[in-house]
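A.B. asks: Shown below is the structure under consideration.
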Amino acid sequence: MGTENRIASRESSHAIGFRSVTPEQYEQTLTAEGTIPSWLTGTYVVNGPAKFEAGDRSLSHWFDGFGMLHRFQFDGDHVHYRRRFVESGAYTHARDTDTLGYREFATDPSESCFDRAVSLLAPPSVTDNANGPLVRYGDRHVVTAESPGAIEFDPETLATVDRITFDDDLAGQISCAHPQYDPLTDETISVLTRIARQSSYTVVRIADGEREPISSIAVDRPCYMHSFALTPTYVVLVEFPYVVNPFTFRLSDRSFIEQFDWRPERGTRLLVFDRSSGRLLAQPRMDAFFALHHVNAFEQSDELLLDLLTYSTPEIVEAFSLDSIRTDRSSLPSGRLRRLRLTIDDWAVSSRSLAAHPLERPEIVGHRRTQPYQFVYGVGKRDTGSFYDRLLKVETTGSTTCWHEPATFPGEPTAVPAPAPGSEDDGVILSLVLDGSDERSFVLVLDGETFTELARMPLDHPIPYPRHGQYYSTDEC
Ligand code: CO
């Protein structure tokens, strides 16, 4: 192999992160290379797609892959690793029958015209494939899906405890992938989207096992909303012009996400709700843009500041199709950290870029959520081309620190504060990193302040690229 080929194959080696995991059952004790801080004694859990087919049927999109939890329990110089699939209805159907039984994000079970005709009469269920964020519903640990489905799991054994259902008339609506847990009020806020003759967004509060609406607003064309903004006083839905026609939604033979169209002429609408009364306070409009992930939002004097990672179009969704992500290094668009500034008295909105570097999979330290904050962590990449190949620490003033190692591809960072932290970045950053040259994964521990490596714990094989992670201190699980 010539040098050029060798370089090309090394650079595209992130594709090992989009293969089904083998073996499915696995436990291993990993040994630290380096020094793990003695206070780091909790458990790091990541969730992500880890099986990309049902029988001989390949799934289409990264978000379609069946969710698997991976648990890393810190124990001195060692980390105990274990994994387990989230036992959603969609996963167990695929496992037990070798067929696809649910409508996934971008793959529909109907393959033939006959299937499609039948499915119009008895549509297959929308997936409950919970391969997304790890959140809290009160004291229940939950993983969520791009659907109404959410699944409670045991952070110790990773066993599926329960498929979450609510005894209310909001059932059947699409639930935002990123509900937000507010530790100050011990409640989780989420957004439900109804795609029907009378479409709506409903902001809900989940506490004590119950879900109650805070506010609801009718919409003509619902948008694909992966996350939203929360502050102590406000909930803000950013309605991108990536919208679905509700009148053809149930009749279409296209998959869920393929039914959304980019309509930039609509612009972006911000729906600002009072969090306690549910009153819609304002709906200022902006230029058209798209985002998957909000970063943080907070109130400061007479302004509401809202940070998110924006794209000029929703191309990022298409770029996560498995055909594209496994082979095409150059089509992953670059998200930019952008701050929207809303004046609370007249709700005028302006925006500016906070950092020059492309950024995705954002994370902040948990105790700064809904509060003024200084640091965003995330994954980055070279401006054009390449998969996410570096970890970034971005100060909201714009200065950026980077961790990078050739042919490695870090997953979403998780910020773990030190006990009684002296500063916001006093602690460690955890990330599950794919090592493309050795074809294995390792857990990386970075010093939060210097962003340099403290330790790594290599596995002997690769783990599929994760979507989201969470750290649980010893008293949490
Ligand atoms: Co997400």
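In the structure tokens, chains take the letters A, B, ... in the order shown, each chain's residues start at 1, and ligands count up from 1 in the order shown.
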Once you count only C-alpha atoms and all ligand atoms, which residues end up within 8 Å of ligand 1, and could you hand them over as a list in words?
C.D. replies: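 Selection of residues at most 8 Å from ligand 1: Gly132, Pro133, Ala177, His178, His226, Ser227, Leu292, His293, Arg361, Arg467 and His468 of chain A.
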A.B. asks: Can you pull out every residue within 10 Å of Ala106 in chain A, counting only C-alpha atoms, but drop anything in the same chain fewer than 4 positions away, and send it as a list in words?
C.D. replies: Leu59, Ser60, His61, Trp62, Phe63, Asp64, Arg254, Ser255, Phe256, Ile257, Glu258, Gln259, Val317, Glu318 and Ser321 of chain A
A.B. asks: Go ahead and save the residues from that selection, with C-alpha atoms, as a short mmCIF file (atom, residue, chain, number, x, y, z; two decimals), in the first residue's frame.
C.D. replies:
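Dumped everything to result-v3.cif:
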data_model
loop_
_atom_site.label_atom_id
_atom_site.label_comp_id
_atom_site.auth_asym_id
_atom_site.auth_seq_id
_atom_site.Cartn_x
_atom_site.Cartn_y
_atom_site.Cartn_z
CA LEU A 59 -30.98 0.45 8.70
CA SER A 60 -30.55 3.76 6.87
CA HIS A 61 -29.42 6.28 9.44
CA TRP A 62 -27.17 6.58 12.48
CA PHE A 63 -30.24 7.58 14.59
CA ASP A 64 -31.97 4.31 13.50
CA ARG A 254 -41.51 8.09 3.27
CA SER A 255 -39.81 7.60 6.61
CA PHE A 256 -40.37 10.01 9.53
CA ILE A 257 -37.51 12.41 8.86
CA GLU A 258 -37.80 12.26 5.04
CA GLN A 259 -41.16 13.97 5.37
CA VAL A 317 -29.37 15.25 9.45
CA GLU A 318 -28.78 13.79 5.98
CA SER A 321 -27.21 8.64 7.04
#
A.B. asks: Would you list the contacts of Ser441 in chain A as an MDAnalysis selection string, taking every protein, DNA or RNA residue within 10 Å and counting only C-alpha atoms, but skipping same-chain residues closer than 4 positions in sequence?
C.D. replies: chainID A and resid 17 408:410 432:436 456:465
A.B. asks: Let's see if you can do this: from backbone DSSP, list all alpha helix (DSSP H) residues in range 108-267 of chain A, as a list of chain:residue names.
C.D. replies: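 Going through range 108-267 of chain A, the alpha helix (DSSP H) residues come out as A:Cys113, A:Phe114, A:Asp115, A:Arg116, A:Ala117, A:Val118, A:Ser119, A:Leu120, A:Leu121, A:Pro246, A:Phe247, A:Thr248, A:Phe249.
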A.B. asks: Keeping C-alpha atoms for every residue in the selection just given, could you write it to a file as a short mmCIF file (atom, residue, chain, number, x, y, z; two decimals), in the first residue's frame?
C.D. replies:
data_model
loop_
_atom_site.label_atom_id
_atom_site.label_comp_id
_atom_site.auth_asym_id
_atom_site.auth_seq_id
_atom_site.Cartn_x
_atom_site.Cartn_y
_atom_site.Cartn_z
CA CYS A 113 -45.97 -1.44 -2.50
CA PHE A 114 -48.08 -4.18 -0.89
CA ASP A 115 -46.50 -3.52 2.51
CA ARG A 116 -47.18 0.17 2.10
CA ALA A 117 -50.85 -0.41 1.19
CA VAL A 118 -51.25 -2.62 4.27
CA SER A 119 -49.44 -0.12 6.46
CA LEU A 120 -51.87 2.64 5.50
CA LEU A 121 -54.65 0.54 7.07
CA PRO A 246 -49.41 17.20 8.73
CA PHE A 247 -52.04 16.44 6.07
CA THR A 248 -49.79 14.05 4.17
CA PHE A 249 -47.77 12.81 7.18
#
A.B. asks: So which residues of range 133-228 of chain A fall under strand (DSSP E) by DSSP, listed as number ranges by chain?
C.D. replies: A: 134-137, 140-144, 150-153, 160-163, 174-175, 180-182, 187-194, 199-207, 210-219
A.B. asks: Could you check which of A:Asp261, A:Glu239, A:Asp168, A:Glu363 is closest to Ser200 in chain A, using only C-alpha atoms?
C.D. replies: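 Of the candidates, the smallest distance to Ser200 in chain A is held by A:Glu239.
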